[in-house]
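So this one's start_31.txt, compact mmCIF, C-alpha atoms and all ligand atoms:
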```txt
# COMPACT_ATOMS: atom_id res chain seq x y z
CA MET W 385 -31.97 25.45 65.18
CA ASN W 386 -32.92 21.92 66.14
CA ILE W 387 -29.85 19.78 65.58
CA LEU W 388 -29.37 16.02 65.76
CA ILE W 389 -25.78 14.87 66.12
CA ALA W 390 -26.02 11.20 65.24
CA SER W 391 -22.34 10.22 65.51
CA PRO W 392 -19.56 11.27 67.90
CA ILE W 393 -17.86 14.43 66.63
CA TYR W 394 -15.33 16.68 68.39
CA SER W 395 -16.80 17.41 71.84
CA GLY W 396 -15.74 21.08 71.76
CA ALA W 397 -17.88 21.56 68.65
CA ILE W 398 -20.91 20.03 70.36
CA GLU W 399 -20.44 22.36 73.37
CA LYS W 400 -20.16 25.38 71.05
CA LEU W 401 -23.31 24.41 69.12
CA ARG W 402 -25.23 23.99 72.40
CA GLU W 403 -24.61 27.70 73.18
CA ASN W 404 -26.98 28.78 70.38
CA HIS W 405 -28.99 25.73 69.39
CA ASP W 406 -31.16 22.90 70.62
CA VAL W 407 -28.77 19.97 70.24
CA ILE W 408 -29.65 16.30 70.67
CA CYS W 409 -26.81 13.79 70.67
CA ALA W 410 -27.96 10.25 69.90
CA PHE W 411 -24.94 8.37 68.63
CA ASP W 412 -24.94 5.35 66.32
CA GLY W 413 -28.67 4.68 66.62
CA SER W 414 -30.69 2.01 64.84
CA GLN W 415 -33.08 2.97 62.02
CA GLU W 416 -35.98 3.11 64.50
CA GLU W 417 -34.05 5.29 66.96
CA LEU W 418 -32.97 7.62 64.15
CA CYS W 419 -36.53 7.91 62.86
CA SER W 420 -37.75 9.00 66.26
CA THR W 421 -34.87 11.38 67.18
CA ILE W 422 -34.83 13.11 63.79
CA ALA W 423 -38.58 13.87 63.68
CA ASP W 424 -38.41 17.59 64.66
CA ARG W 425 -34.80 18.27 63.64
CA GLU W 426 -33.68 20.85 61.07
CA VAL W 427 -30.03 19.79 60.93
CA LEU W 428 -28.44 16.33 60.95
CA VAL W 429 -24.72 15.82 61.59
CA PHE W 430 -23.34 12.31 61.14
CA ARG W 431 -20.32 10.11 60.35
CA SER W 432 -20.01 6.48 59.29
CA GLY W 433 -21.71 3.90 61.52
CA ILE W 434 -25.32 4.91 60.85
CA GLN W 435 -27.52 4.52 57.79
CA VAL W 436 -29.39 7.62 56.63
CA THR W 437 -31.94 5.81 54.47
CA ALA W 438 -34.98 7.12 52.60
CA ASP W 439 -37.10 5.84 55.52
CA VAL W 440 -35.10 7.88 58.02
CA LEU W 441 -35.26 10.98 55.81
CA SER W 442 -39.01 10.61 55.36
CA CYS W 443 -39.33 10.87 59.17
CA ALA W 444 -37.69 14.34 59.04
CA PRO W 445 -40.09 16.81 57.38
CA ASN W 446 -38.23 19.85 58.82
CA LEU W 447 -34.74 18.77 57.79
CA ARG W 448 -32.91 21.56 55.89
CA LEU W 449 -29.25 20.73 56.25
CA ILE W 450 -27.26 17.50 56.47
CA VAL W 451 -23.59 17.71 57.40
CA ARG W 452 -21.50 14.63 56.71
CA ALA W 453 -18.63 15.12 59.16
CA GLY W 454 -16.27 13.09 56.99
CA SER W 455 -15.81 11.81 53.50
CA GLY W 456 -17.90 8.77 52.52
CA ILE W 457 -21.50 9.17 51.44
CA ASP W 458 -22.21 5.47 51.00
CA ASN W 459 -24.38 5.52 54.14
CA ILE W 460 -26.82 8.14 52.92
CA ASP W 461 -29.54 7.96 50.29
CA VAL W 462 -28.37 10.92 48.20
CA ALA W 463 -31.26 10.61 45.71
CA GLN W 464 -33.75 11.01 48.56
CA VAL W 465 -31.77 13.99 49.94
CA GLU W 466 -32.08 15.67 46.53
CA LYS W 467 -35.76 14.75 46.29
CA GLN W 468 -36.46 16.41 49.66
CA GLN W 469 -34.29 19.39 48.57
CA ILE W 470 -32.10 19.16 51.64
CA LYS W 471 -28.67 20.77 51.48
CA LEU W 472 -25.87 18.21 51.93
CA ILE W 473 -22.38 19.33 52.98
CA ARG W 474 -19.43 16.93 53.09
CA VAL W 475 -16.43 17.76 55.26
CA ALA W 476 -13.90 15.53 53.54
CA GLU W 477 -10.54 17.30 53.58
CA PRO W 478 -9.44 17.33 57.27
CA GLY W 479 -9.93 13.57 57.65
CA ALA W 480 -7.97 12.83 54.47
CA LYS W 481 -4.61 13.66 56.11
CA ALA W 482 -5.38 11.36 59.02
CA VAL W 483 -6.43 8.49 56.74
CA ALA W 484 -3.29 8.90 54.61
CA GLU W 485 -1.13 8.66 57.76
CA MET W 486 -3.12 5.63 58.93
CA SER W 487 -2.31 3.92 55.65
CA PHE W 488 1.38 4.27 56.54
CA ALA W 489 0.79 3.18 60.13
CA LEU W 490 -0.65 -0.08 58.80
CA MET W 491 1.97 -0.60 56.07
CA LEU W 492 4.83 0.02 58.51
CA ALA W 493 3.32 -2.14 61.25
CA LEU W 494 2.86 -5.01 58.79
CA SER W 495 6.25 -4.70 57.14
CA ARG W 496 8.11 -4.60 60.50
CA ASN W 497 5.92 -7.17 62.36
CA LEU W 498 5.20 -4.61 65.06
CA MET W 499 2.18 -6.38 66.55
CA GLU W 500 4.08 -9.68 66.85
CA ALA W 501 7.21 -7.98 68.20
CA ASP W 502 5.21 -6.23 70.89
CA ARG W 503 3.28 -9.38 71.83
CA LEU W 504 6.43 -11.52 72.13
CA LEU W 505 8.34 -8.91 74.11
CA ARG W 506 5.50 -8.65 76.62
CA GLN W 507 5.88 -12.41 77.11
CA GLY W 508 9.59 -11.95 77.80
CA HIS W 509 10.71 -13.26 74.42
CA TRP W 510 13.52 -11.26 72.78
CA ALA W 511 12.76 -12.11 69.12
CA LYS W 512 15.49 -9.92 67.66
CA HIS W 513 16.71 -12.52 65.15
CA GLU W 514 13.27 -13.88 64.19
CA LEU W 515 11.49 -10.69 63.29
CA THR W 516 13.19 -9.34 60.22
CA GLY W 517 11.01 -7.06 58.12
CA HIS W 518 11.00 -5.18 54.83
CA LEU W 519 11.74 -1.61 53.82
CA LEU W 520 9.05 0.57 52.31
CA ASN W 521 11.81 2.62 50.72
CA GLY W 522 12.46 1.51 47.14
CA LYS W 523 9.21 -0.48 46.89
CA VAL W 524 6.23 0.11 44.63
CA LEU W 525 3.23 1.72 46.34
CA GLY W 526 0.02 1.26 44.37
CA ILE W 527 -3.03 3.30 45.20
CA LEU W 528 -6.54 2.40 44.14
CA GLY W 529 -8.43 5.69 44.15
CA LEU W 530 -6.30 8.80 43.75
CA GLY W 531 -8.82 11.21 45.25
CA SER W 532 -7.83 13.44 48.14
CA ILE W 533 -6.94 10.57 50.51
CA GLY W 534 -5.17 8.55 47.81
CA THR W 535 -3.20 11.53 46.57
CA LEU W 536 -2.05 12.45 50.10
CA THR W 537 -1.05 8.80 50.61
CA GLY W 538 0.88 8.90 47.32
CA GLU W 539 2.69 12.12 48.26
CA ARG W 540 3.77 10.51 51.52
CA GLY W 541 4.92 7.44 49.57
CA VAL W 542 7.08 9.64 47.35
CA ALA W 543 8.59 11.28 50.45
CA TRP W 544 9.30 7.79 51.79
CA GLY W 545 11.29 6.95 48.64
CA MET W 546 8.65 4.68 47.13
CA ASP W 547 7.81 4.35 43.45
CA VAL W 548 4.16 5.49 43.47
CA LEU W 549 1.50 4.69 40.92
CA GLY W 550 -2.28 4.58 41.08
CA CYS W 551 -5.58 4.78 39.27
CA VAL W 552 -8.86 6.69 39.30
CA GLY W 553 -12.35 5.97 38.00
CA ASN W 554 -12.28 8.75 35.41
CA PRO W 555 -8.70 9.40 34.26
CA THR W 556 -7.95 12.59 32.33
CA GLN W 557 -4.72 14.07 31.00
CA GLU W 558 -5.13 16.99 33.42
CA LYS W 559 -5.39 14.60 36.38
CA ALA W 560 -2.36 12.64 35.11
CA ASP W 561 -0.32 15.84 34.78
CA GLY W 562 -1.30 17.07 38.24
CA LEU W 563 -0.31 13.74 39.78
CA ALA W 564 2.92 13.53 37.77
CA ALA W 565 3.93 16.89 39.26
CA LYS W 566 3.66 15.22 42.68
CA GLY W 567 5.72 12.21 41.54
CA ILE W 568 2.71 9.89 41.19
CA ARG W 569 2.11 7.96 37.97
CA LEU W 570 -1.51 7.51 36.84
CA CYS W 571 -2.10 4.16 35.12
CA GLU W 572 -4.64 1.39 34.59
CA MET W 573 -5.93 -0.54 37.59
CA SER W 574 -4.53 -3.80 36.17
CA GLU W 575 -1.03 -2.27 36.18
CA VAL W 576 -1.46 -1.05 39.75
CA LEU W 577 -2.46 -4.57 40.82
CA ARG W 578 0.38 -6.19 38.89
CA MET W 579 3.18 -3.86 40.02
CA SER W 580 2.46 -3.06 43.66
CA ASP W 581 4.47 -4.32 46.62
CA TYR W 582 2.14 -2.30 48.85
CA LEU W 583 -1.44 -1.65 47.79
CA SER W 584 -3.46 1.05 49.55
CA ILE W 585 -7.19 1.21 48.84
CA SER W 586 -9.00 4.54 49.06
CA VAL W 587 -11.94 4.37 46.65
CA PRO W 588 -15.48 5.34 47.65
CA LEU W 589 -17.94 2.45 47.97
CA ASN W 590 -20.50 2.45 45.17
CA SER W 591 -21.92 0.02 42.63
CA ASN W 592 -18.67 0.15 40.58
CA THR W 593 -16.35 -0.54 43.51
CA ARG W 594 -18.29 -3.15 45.52
CA ASN W 595 -16.03 -6.25 45.66
CA LEU W 596 -13.48 -4.47 43.45
CA ILE W 597 -10.84 -6.63 45.11
CA ASP W 598 -12.17 -10.12 44.49
CA SER W 599 -10.35 -13.38 43.72
CA GLU W 600 -9.81 -12.32 40.09
CA ALA W 601 -8.17 -9.04 41.09
CA ILE W 602 -6.09 -10.81 43.72
CA ALA W 603 -4.84 -13.32 41.13
CA VAL W 604 -3.36 -10.41 39.13
CA MET W 605 -1.45 -9.06 42.15
CA LYS W 606 2.26 -9.56 42.71
CA PRO W 607 2.84 -12.52 45.06
CA GLY W 608 3.71 -11.28 48.53
CA VAL W 609 1.90 -7.94 48.15
CA CYS W 610 0.86 -6.20 51.36
CA LEU W 611 -2.67 -4.71 51.23
CA VAL W 612 -4.21 -1.98 53.36
CA ASN W 613 -7.88 -1.01 53.15
CA LEU W 614 -8.83 2.44 54.39
CA ALA W 615 -11.88 2.76 52.12
CA ARG W 616 -14.93 0.65 52.96
CA GLY W 617 -15.29 -3.01 53.86
CA GLY W 618 -17.50 -3.72 50.86
CA VAL W 619 -14.67 -2.86 48.44
CA VAL W 620 -12.74 -6.03 49.36
CA ASP W 621 -14.19 -9.53 49.12
CA GLU W 622 -13.04 -10.68 52.56
CA VAL W 623 -13.51 -14.38 51.77
CA ALA W 624 -11.14 -14.08 48.79
CA LEU W 625 -8.74 -12.02 50.93
CA TYR W 626 -8.81 -14.67 53.68
CA GLN W 627 -7.80 -17.37 51.17
CA ALA W 628 -5.01 -15.20 49.73
CA LEU W 629 -3.66 -14.47 53.21
CA ILE W 630 -3.59 -18.19 54.01
CA SER W 631 -1.84 -19.08 50.75
CA GLY W 632 0.63 -16.20 51.23
CA HIS W 633 -0.21 -14.65 47.86
CA ILE W 634 -1.03 -11.60 49.97
CA SER W 635 1.61 -11.44 52.71
CA GLY W 636 -0.30 -9.19 55.07
CA ALA W 637 -3.43 -7.07 55.30
CA GLY W 638 -4.18 -3.98 57.34
CA MET W 639 -7.90 -3.46 57.51
CA ASP W 640 -9.34 -0.31 59.07
CA VAL W 641 -12.73 -0.96 57.47
CA HIS W 642 -14.68 -4.20 57.43
CA ALA W 643 -17.57 -5.91 55.69
CA ASP W 644 -19.38 -6.06 59.02
CA GLU W 645 -18.56 -3.23 61.43
CA GLY W 646 -19.64 -2.41 64.96
CA GLU W 647 -19.50 -3.39 68.62
CA GLY W 648 -19.27 -7.16 69.17
CA LYS W 649 -18.40 -7.99 65.55
CA ILE W 650 -15.30 -10.14 65.06
CA SER W 651 -14.00 -10.48 61.52
CA PRO W 652 -12.95 -13.99 60.36
CA LEU W 653 -9.68 -12.24 59.39
CA ALA W 654 -8.93 -12.02 63.13
CA GLU W 655 -8.07 -15.76 63.00
CA LEU W 656 -4.99 -14.98 60.88
CA PRO W 657 -1.58 -13.87 62.20
CA ASN W 658 -0.79 -11.72 59.14
CA THR W 659 -3.57 -9.16 59.60
CA ILE W 660 -3.95 -5.97 61.59
CA LEU W 661 -7.55 -4.99 62.22
CA THR W 662 -8.59 -1.57 63.47
CA PRO W 663 -12.11 -0.19 64.12
CA HIS W 664 -12.51 2.37 61.30
CA ILE W 665 -10.30 4.94 63.02
CA GLY W 666 -8.55 6.27 59.91
CA ALA W 667 -9.97 9.79 60.27
CA SER W 668 -9.99 9.75 64.05
CA THR W 669 -7.13 12.01 65.02
CA ILE W 670 -7.88 14.78 67.51
CA ASP W 671 -6.41 17.32 65.06
CA SER W 672 -8.61 16.26 62.15
CA GLN W 673 -11.76 15.92 64.25
CA ARG W 674 -11.16 19.37 65.78
CA GLU W 675 -10.82 20.81 62.27
CA ILE W 676 -13.96 18.97 61.11
CA GLY W 677 -15.82 20.26 64.19
CA LYS W 678 -14.97 23.88 63.26
CA ILE W 679 -16.25 23.37 59.71
CA VAL W 680 -19.45 21.73 61.00
CA ILE W 681 -20.10 24.78 63.21
CA ASP W 682 -19.43 27.20 60.32
CA ALA W 683 -21.73 25.24 58.00
CA ILE W 684 -24.59 25.31 60.50
CA GLU W 685 -24.11 28.97 61.46
CA SER W 686 -24.01 30.08 57.84
C1 LIG V 701 -15.05 9.09 56.46
O1 LIG V 701 -15.71 8.72 55.49
O2 LIG V 701 -14.65 10.26 56.57
C2 LIG V 701 -14.71 8.09 57.49
O3 LIG V 701 -15.50 6.98 57.36
C3 LIG V 701 -14.67 8.64 58.87
C4 LIG V 701 -15.97 8.60 59.58
O4 LIG V 701 -16.86 9.34 59.25
O5 LIG V 701 -16.12 7.83 60.52
```
So, in terms of structure tokens, how does the structure I just supplied come out?
Amino acid sequence: MNILIASPIYSGAIEKLRENHDVICAFDGSQEELCSTIADREVLVFRSGIQVTADVLSCAPNLRLIVRAGSGIDNIDVAQVEKQQIKLIRVAEPGAKAVAEMSFALMLALSRNLMEADRLLRQGHWAKHELTGHLLNGKVLGILGLGSIGTLTGERGVAWGMDVLGCVGNPTQEKADGLAAKGIRLCEMSEVLRMSDYLSISVPLNSNTRNLIDSEAIAVMKPGVCLVNLARGGVVDEVALYQALISGHISGAGMDVHADEGEGKISPLAELPNTILTPHIGASTIDSQREIGKIVIDAIES
């Protein structure tokens, strides 16, 4: 088959696919580049970082299979995929574990001032008595979006001795019961905002969640809350967040996703000392990407 791999995936999977297929790797291309590389392709494999628009899809008359090597489908025109009757496969599960762990990496780094401690020590400053932090244990962990990533984050919170609550877009009694069995309480979003000491965001980006965390939502939050965003940049109004980080209403923010992502982009949040900014690496563990790579191969072969 003619395959376009449009984002970096596990290299072993690319090598394996090359054994039986005609594989082009053209990573993170512009719309124009995508339109030209996809023209004779039957399979597209991609992650975040590119936009699979209706224009791009209309350049691909032979396309039969699209494999999203990850979770989010905010960067693909799903209506156009359906219109062209192309099969779309999402490989969401393996990355979820990595994103849930990343949520804790950010919460722990913020609550123990790890970035500052490291920076000062490298300058020869032994800041032992300046850098006191906070425990996660005993605190309230709120999760916006108890899908697979949010639920795994919640389970880890429970194991950490946190009081875990969260919300979903479409709550049902069945969902509430399933979560309760894992020690996670399903409640309204307003309660999650009001109660959380740590707030982890893992909702998909769509018309209901764009700017979900705006100045109004922030005003409801507990003063001193620590926020981590592992979802999509568009879910948080970064101007409102900036203000709340300056005022201290939000004590710290760990942002793995950003309103404006890519090489050379510097978020205004980088001006603030109480942020940790990472380049959308939540799902990027070798283990998860290897697992995703295997599923991508199976999907194409079958
Ligand atoms: C995802 O949606 O799985 C993440 O954005 C990871 C990625 O594809 O880069």
Please return as number ranges by chain the residues found within 6 Å of ligand LIG 701 (chain V), counting all atoms listed in the file.
W: 431-432, 454-456, 479, 667
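Candidate residues W:Trp510, W:Phe430, W:Tyr582, W:Phe411 were compared for distance to Gly677 of chain W, and the nearest is W:Phe430, using all atoms listed in the file.
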Smallest atom-to-atom distance to Leu490 of chain W: which of W:Gly526, W:Gly636, W:Gly541, W:Pro657, using all atoms listed in the file?
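Result for the nearest residue to Leu490 of chain W: W:Gly636.
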Pairwise distance for atom CA of Thr659 of chain W and atom CA of Ile434 of chain W, rounded to one decimal in Å
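Atom-to-atom, atom CA of Thr659 of chain W to atom CA of Ile434 of chain W, that is 25.9 Å.
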Could you pull the residues within 10 Å of Ser391 of chain W, counting only C-alpha atoms, minus those fewer than 2 positions along the same chain, as JSON, numbers by chain?
{"W": [388, 389, 393, 394, 409, 410, 411, 412, 413, 428, 429, 430, 431, 432, 433, 434, 452, 453]}
Please compute the atom CA of Leu505 of chain W-atom CA of Leu625 of chain W distance, one decimal, in Å.
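Taking atom CA of Leu505 of chain W and atom CA of Leu625 of chain W, their separation equals 29.0 Å.
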Contacts of segment 420-537 of chain W with segment 544-549 of chain W up to 9 Å, shortest pair per row, all atoms listed in the file, as CSV:
```
residue,atom,partner,partner_atom,distance
W:Leu520,CA,W:Met546,CA,6.6
W:Asn521,CA,W:Gly545,CA,4.8
W:Gly522,CA,W:Met546,CA,5.0
W:Lys523,CA,W:Met546,CA,5.2
W:Val524,CA,W:Asp547,CA,4.7
W:Leu525,CA,W:Val548,CA,4.8
W:Gly526,CA,W:Leu549,CA,5.1
W:Ile527,CA,W:Leu549,CA,6.4
W:Leu528,CA,W:Leu549,CA,9.0
```
Output file for the residues above (C-alpha atoms, as a tab-separated table (two decimals), in the frame of the given file):
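Saved result, again.tsv, follows:
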```
chain	number	residue	atom	x	y	z
W	520	LEU	CA	9.05	0.57	52.31
W	521	ASN	CA	11.81	2.62	50.72
W	522	GLY	CA	12.46	1.51	47.14
W	523	LYS	CA	9.21	-0.48	46.89
W	524	VAL	CA	6.23	0.11	44.63
W	525	LEU	CA	3.23	1.72	46.34
W	526	GLY	CA	0.02	1.26	44.37
W	527	ILE	CA	-3.03	3.30	45.20
W	528	LEU	CA	-6.54	2.40	44.14
```
When you count all atoms listed in the file, which of these residues is closest to Val587 of chain W: W:Ala489, W:Leu614, W:Ile422, W:Ala624?
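That would be W:Leu614, the residue with the smallest distance to Val587 of chain W.
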Measuring between only C-alpha atoms, which one of W:Asp502, W:Glu403, W:Glu539, W:Asp581 shows the shortest distance to Ala564 of chain W?
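Once distances to Ala564 of chain W are computed over only C-alpha atoms, the minimum belongs to W:Glu539.
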Please indicate the distance in Å from atom CA of Val619 of chain W to atom CA of Asp461 of chain W, rounded to one decimal place.
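Separation between atom CA of Val619 of chain W and atom CA of Asp461 of chain W: 18.5 Å.
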